[in-house]
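Content type PDB, C-alpha atoms and all ligand atoms, from the file structure.pdb:
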ATOM      1  CA  MET A 241       0.000   0.000   0.000  1.00  0.00           C
ATOM      2  CA  SER A 242       1.596   3.246  -1.134  1.00  0.00           C
ATOM      3  CA  ASP A 243      -0.977   5.749   0.141  1.00  0.00           C
ATOM      4  CA  VAL A 244      -0.466   5.144   3.840  1.00  0.00           C
ATOM      5  CA  VAL A 245       0.128   8.454   5.618  1.00  0.00           C
ATOM      6  CA  ALA A 246       2.735   8.401   8.353  1.00  0.00           C
ATOM      7  CA  LYS A 247       1.600   9.741  11.712  1.00  0.00           C
ATOM      8  CA  PRO A 248       3.458  12.841  12.837  1.00  0.00           C
ATOM      9  CA  ARG A 249       6.087  11.766  15.350  1.00  0.00           C
ATOM     10  CA  VAL A 250       5.870  14.820  17.553  1.00  0.00           C
ATOM     11  CA  GLU A 251       2.882  16.266  19.369  1.00  0.00           C
ATOM     12  CA  LEU A 252       2.346  19.754  17.997  1.00  0.00           C
ATOM     13  CA  LYS A 253       1.495  22.514  20.435  1.00  0.00           C
ATOM     14  CA  PRO A 254      -2.013  23.827  19.688  1.00  0.00           C
ATOM     15  CA  LYS A 255      -1.741  27.191  17.901  1.00  0.00           C
ATOM     16  CA  THR A 256      -4.496  28.754  19.950  1.00  0.00           C
ATOM     17  CA  GLU A 257      -4.289  28.475  23.707  1.00  0.00           C
ATOM     18  CA  ARG A 258      -7.315  28.853  25.888  1.00  0.00           C
ATOM     19  CA  PRO A 259      -7.410  32.322  27.486  1.00  0.00           C
ATOM     20  CA  ARG A 260      -6.326  32.276  31.121  1.00  0.00           C
ATOM     21  CA  LEU A 261      -9.161  32.519  33.595  1.00  0.00           C
ATOM     22  CA  HIS A 262      -9.182  35.052  36.391  1.00  0.00           C
ATOM     23  CA  LYS A 263     -10.207  34.462  39.994  1.00  0.00           C
ATOM     24  CA  VAL A 264     -12.546  36.808  41.829  1.00  0.00           C
ATOM     25  CA  ILE A 265     -11.374  36.996  45.456  1.00  0.00           C
ATOM     26  CA  LEU A 266     -13.434  38.150  48.425  1.00  0.00           C
ATOM     27  CA  VAL A 267     -11.392  40.025  51.053  1.00  0.00           C
ATOM     28  CA  ASN A 268     -12.396  40.115  54.722  1.00  0.00           C
ATOM     29  CA  ASP A 269     -12.821  43.339  56.678  1.00  0.00           C
ATOM     30  CA  ASP A 270     -14.061  44.202  60.179  1.00  0.00           C
ATOM     31  CA  TYR A 271     -17.025  46.381  59.188  1.00  0.00           C
ATOM     32  CA  THR A 272     -19.195  44.868  56.460  1.00  0.00           C
ATOM     33  CA  PRO A 273     -22.105  42.904  57.978  1.00  0.00           C
ATOM     34  CA  ARG A 274     -22.026  39.168  57.230  1.00  0.00           C
ATOM     35  CA  GLU A 275     -25.559  39.194  55.837  1.00  0.00           C
ATOM     36  CA  PHE A 276     -24.680  41.983  53.405  1.00  0.00           C
ATOM     37  CA  VAL A 277     -21.730  39.964  52.069  1.00  0.00           C
ATOM     38  CA  VAL A 278     -24.050  36.971  51.591  1.00  0.00           C
ATOM     39  CA  THR A 279     -26.598  39.139  49.754  1.00  0.00           C
ATOM     40  CA  ILE A 280     -23.931  40.454  47.352  1.00  0.00           C
ATOM     41  CA  LEU A 281     -22.573  36.956  46.668  1.00  0.00           C
ATOM     42  CA  LYS A 282     -26.081  35.704  45.876  1.00  0.00           C
ATOM     43  CA  GLY A 283     -26.961  38.647  43.649  1.00  0.00           C
ATOM     44  CA  GLU A 284     -23.739  39.166  41.711  1.00  0.00           C
ATOM     45  CA  PHE A 285     -22.432  35.592  41.593  1.00  0.00           C
ATOM     46  CA  ARG A 286     -25.714  33.643  41.448  1.00  0.00           C
ATOM     47  CA  MET A 287     -24.884  31.610  44.562  1.00  0.00           C
ATOM     48  CA  SER A 288     -27.359  29.824  46.796  1.00  0.00           C
ATOM     49  CA  GLU A 289     -27.723  30.978  50.422  1.00  0.00           C
ATOM     50  CA  GLU A 290     -25.597  27.989  51.526  1.00  0.00           C
ATOM     51  CA  GLN A 291     -22.809  28.554  48.983  1.00  0.00           C
ATOM     52  CA  ALA A 292     -22.737  32.292  49.732  1.00  0.00           C
ATOM     53  CA  HIS A 293     -22.588  31.708  53.487  1.00  0.00           C
ATOM     54  CA  HIS A 294     -19.738  29.211  53.057  1.00  0.00           C
ATOM     55  CA  VAL A 295     -17.679  31.643  50.944  1.00  0.00           C
ATOM     56  CA  MET A 296     -18.383  34.543  53.332  1.00  0.00           C
ATOM     57  CA  ILE A 297     -17.395  32.562  56.444  1.00  0.00           C
ATOM     58  CA  THR A 298     -14.232  31.252  54.735  1.00  0.00           C
ATOM     59  CA  ALA A 299     -13.120  34.828  53.937  1.00  0.00           C
ATOM     60  CA  HIS A 300     -14.078  35.868  57.481  1.00  0.00           C
ATOM     61  CA  ARG A 301     -11.887  33.122  59.015  1.00  0.00           C
ATOM     62  CA  ARG A 302      -8.966  33.008  56.576  1.00  0.00           C
ATOM     63  CA  GLY A 303      -8.843  36.585  55.276  1.00  0.00           C
ATOM     64  CA  VAL A 304      -9.687  35.787  51.653  1.00  0.00           C
ATOM     65  CA  CYS A 305     -11.761  33.312  49.657  1.00  0.00           C
ATOM     66  CA  VAL A 306     -11.913  32.573  45.921  1.00  0.00           C
ATOM     67  CA  VAL A 307     -15.485  33.249  44.805  1.00  0.00           C
ATOM     68  CA  ALA A 308     -15.346  31.942  41.212  1.00  0.00           C
ATOM     69  CA  VAL A 309     -13.289  32.058  37.995  1.00  0.00           C
ATOM     70  CA  PHE A 310     -14.235  33.862  34.785  1.00  0.00           C
ATOM     71  CA  THR A 311     -12.626  35.346  31.695  1.00  0.00           C
ATOM     72  CA  LYS A 312     -10.657  38.503  32.561  1.00  0.00           C
ATOM     73  CA  ASP A 313     -13.388  40.940  31.478  1.00  0.00           C
ATOM     74  CA  VAL A 314     -16.182  39.188  33.335  1.00  0.00           C
ATOM     75  CA  ALA A 315     -14.069  38.759  36.502  1.00  0.00           C
ATOM     76  CA  GLU A 316     -13.149  42.457  36.541  1.00  0.00           C
ATOM     77  CA  THR A 317     -16.708  43.607  35.846  1.00  0.00           C
ATOM     78  CA  LYS A 318     -18.187  41.441  38.588  1.00  0.00           C
ATOM     79  CA  ALA A 319     -15.497  42.391  41.130  1.00  0.00           C
ATOM     80  CA  THR A 320     -16.039  46.086  40.395  1.00  0.00           C
ATOM     81  CA  ARG A 321     -19.845  45.840  40.608  1.00  0.00           C
ATOM     82  CA  ALA A 322     -19.707  43.874  43.871  1.00  0.00           C
ATOM     83  CA  THR A 323     -17.180  46.277  45.427  1.00  0.00           C
ATOM     84  CA  GLU A 324     -19.318  49.242  44.296  1.00  0.00           C
ATOM     85  CA  ALA A 325     -22.431  47.739  45.907  1.00  0.00           C
ATOM     86  CA  GLY A 326     -20.640  47.742  49.271  1.00  0.00           C
ATOM     87  CA  ARG A 327     -19.260  51.221  48.733  1.00  0.00           C
ATOM     88  CA  ALA A 328     -22.778  52.510  47.966  1.00  0.00           C
ATOM     89  CA  LYS A 329     -23.771  51.415  51.496  1.00  0.00           C
ATOM     90  CA  GLY A 330     -20.614  52.876  53.049  1.00  0.00           C
ATOM     91  CA  TYR A 331     -18.893  49.499  53.555  1.00  0.00           C
ATOM     92  CA  PRO A 332     -15.211  48.806  52.793  1.00  0.00           C
ATOM     93  CA  LEU A 333     -16.040  45.416  51.197  1.00  0.00           C
ATOM     94  CA  GLN A 334     -13.439  44.476  48.583  1.00  0.00           C
ATOM     95  CA  PHE A 335     -13.473  42.033  45.684  1.00  0.00           C
ATOM     96  CA  THR A 336     -10.200  41.707  43.767  1.00  0.00           C
ATOM     97  CA  THR A 337      -9.126  39.649  40.742  1.00  0.00           C
ATOM     98  CA  GLU A 338      -5.983  37.734  39.797  1.00  0.00           C
ATOM     99  CA  PRO A 339      -5.052  35.426  36.920  1.00  0.00           C
ATOM    100  CA  GLU A 340      -5.187  31.690  37.553  1.00  0.00           C
ATOM    101  CA  GLU A 341      -1.836  29.885  37.398  1.00  0.00           C
TER     102      GLU A 341
HETATM  103  N1  LIG A 401     -15.773  40.150  59.077  1.00  0.00           N
HETATM  104  C1  LIG A 401     -17.092  40.717  58.861  1.00  0.00           C
HETATM  105  C2  LIG A 401     -17.845  40.790  60.189  1.00  0.00           C
HETATM  106  O1  LIG A 401     -17.469  40.145  61.137  1.00  0.00           O
HETATM  107  C3  LIG A 401     -17.910  39.886  57.858  1.00  0.00           C
HETATM  108  C4  LIG A 401     -17.216  39.767  56.543  1.00  0.00           C
HETATM  109  C5  LIG A 401     -16.959  38.504  55.996  1.00  0.00           C
HETATM  110  C6  LIG A 401     -16.807  40.909  55.856  1.00  0.00           C
HETATM  111  C7  LIG A 401     -16.297  38.365  54.772  1.00  0.00           C
HETATM  112  C8  LIG A 401     -16.143  40.781  54.631  1.00  0.00           C
HETATM  113  O2  LIG A 401     -15.259  39.401  52.907  1.00  0.00           O
HETATM  114  C9  LIG A 401     -15.902  39.522  54.099  1.00  0.00           C
HETATM  115  N2  LIG A 401     -18.914  41.570  60.233  1.00  0.00           N
END
Now that the file is in, can you turn its structure into C-alpha cells?
Ligand code: TYC
Amino acid sequence: MSDVVAKPRVELKPKTERPRLHKVILVNDDYTPREFVVTILKGEFRMSEEQAHHVMITAHRRGVCVVAVFTKDVAETKATRATEAGRAKGYPLQFTTEPEE
C-alpha cells in the first residue's frame, strides 16, 4: 500500500491556547455585615444561600476566599460591581481579581 500516511512523530502545540481565567477573590474586613456579604454573593455571583454563606465565612476566618473564575473581562466587571455595591452602602467590602496559574 503506497498511500499510507505516516503519523506525525511529535505532538504539535495547539496554535491557539485557551485564554487564562481570572479568579474573583473576596477580602475580609471588620465592618461589612455578614448578611450583606451573603446578599452580594447571591446577587452578583448567582450563589445559593448555603454557597454564599460558606464563601463569606471562609473569607471571614482566613482573610480571603476565591469566589469563582471567569474570563478577565467578566471577573473584573463582577469584582467592580460587587465592590461598588458595598461602597454605595458605606462598607469597605473588597473584591479583587488575579489570573489563575
Ligand atoms: N468580618 C465581617 C464581620 O465580622 C464579615 C465579613 C466577611 C466581611 C467576609 C467581609 O469578605 C468579608 N462583620
Around ligand LIG 401 (chain A), fit a box with edges along x, y and z, padding it by 3 Å on each side, then list its centre and edge lengths in Å to one decimal as JSON.
{"center_x": -17.1, "center_y": 40.0, "center_z": 57.0, "size_x": 9.7, "size_y": 9.2, "size_z": 14.2}
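Candidate residues A:Ala325, A:Val295, A:Val277, A:Ala319 were compared for distance to Val307 of chain A, and the nearest is A:Val295, using only C-alpha atoms.
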Distance table requested - chain A against ligand LIG 401 (chain A), cut-off 9 Å, all atoms listed in the file: one row per qualifying residue with the closest atom pair and its distance in Å to one decimal, ordered by chain and rising residue number, as a Markdown table.
| residue | atom | partner | partner_atom | distance |
| --- | --- | --- | --- | --- |
| A:Ile265 | CA | A:LIG401 | O2 | 8.7 |
| A:Leu266 | CA | A:LIG401 | O2 | 5.0 |
| A:Val267 | CA | A:LIG401 | O2 | 4.3 |
| A:Asn268 | CA | A:LIG401 | O2 | 3.5 |
| A:Asp269 | CA | A:LIG401 | C8 | 4.7 |
| A:Asp270 | CA | A:LIG401 | N1 | 4.5 |
| A:Tyr271 | CA | A:LIG401 | N2 | 5.3 |
| A:Thr272 | CA | A:LIG401 | C6 | 4.7 |
| A:Pro273 | CA | A:LIG401 | N2 | 4.1 |
| A:Arg274 | CA | A:LIG401 | C3 | 4.2 |
| A:Glu275 | CA | A:LIG401 | C3 | 7.9 |
| A:Phe276 | CA | A:LIG401 | C6 | 8.3 |
| A:Val277 | CA | A:LIG401 | C9 | 6.2 |
| A:Val278 | CA | A:LIG401 | C5 | 8.5 |
| A:Val295 | CA | A:LIG401 | C7 | 7.9 |
| A:Met296 | CA | A:LIG401 | C7 | 4.6 |
| A:Ile297 | CA | A:LIG401 | C5 | 6.0 |
| A:Thr298 | CA | A:LIG401 | C7 | 7.4 |
| A:Ala299 | CA | A:LIG401 | C7 | 4.8 |
| A:His300 | CA | A:LIG401 | C5 | 4.2 |
| A:Arg301 | CA | A:LIG401 | C5 | 8.0 |
| A:Gly303 | CA | A:LIG401 | O2 | 7.4 |
| A:Val304 | CA | A:LIG401 | O2 | 6.8 |
| A:Cys305 | CA | A:LIG401 | O2 | 7.7 |
| A:Pro332 | CA | A:LIG401 | C8 | 8.3 |
| A:Leu333 | CA | A:LIG401 | C8 | 5.8 |
| A:Gln334 | CA | A:LIG401 | O2 | 6.9 |
| A:Phe335 | CA | A:LIG401 | O2 | 7.9 |
Tell me which protein, DNA and RNA residues are within 7 Å of Leu261 of chain A, counting all atoms listed in the file, leaving out same-chain ones fewer than 6 positions away, and put them as a ChimeraX atom specification. /A:309-312,339-340
Can you write out the residues you just picked, keeping C-alpha atoms, as an mmCIF file, in the frame of the given file?
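That gives us selection-v1.cif:
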data_model
loop_
_atom_site.group_PDB
_atom_site.id
_atom_site.type_symbol
_atom_site.label_atom_id
_atom_site.label_comp_id
_atom_site.auth_asym_id
_atom_site.auth_seq_id
_atom_site.Cartn_x
_atom_site.Cartn_y
_atom_site.Cartn_z
ATOM 1 C CA VAL A 309 -13.289 32.058 37.995
ATOM 2 C CA PHE A 310 -14.235 33.862 34.785
ATOM 3 C CA THR A 311 -12.626 35.346 31.695
ATOM 4 C CA LYS A 312 -10.657 38.503 32.561
ATOM 5 C CA PRO A 339 -5.052 35.426 36.920
ATOM 6 C CA GLU A 340 -5.187 31.690 37.553
#
Quick one: residues within 6 Å of segment 279-282 of chain A, all atoms listed in the file, excluding same-chain residues fewer than 4 positions away - as a PyMOL selection string? chain A and resi 286-287+292
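Atom CA of Thr323 of chain A is positioned 15.1 Å from atom CA of Ala308 of chain A.
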A:Glu290, A:Asp243, A:Glu338, A:Glu257: which is nearest Val306 of chain A, counting all atoms listed in the file? A:Glu338
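A straight line drawn from atom CA of Ala322 of chain A to atom CA of Lys263 of chain A is 13.9 Å long.
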Return as a list in words the set of residues that the PyMOL selection byres (((chain A and resi 318) around 10) and not hetatm) yields on the displayed structure. Val264, Glu284, Phe285, Phe310, Asp313, Val314, Ala315, Glu316, Thr317, Ala319, Thr320, Arg321, Ala322, Thr323, Glu324, Phe335, Thr336 and Thr337 of chain A
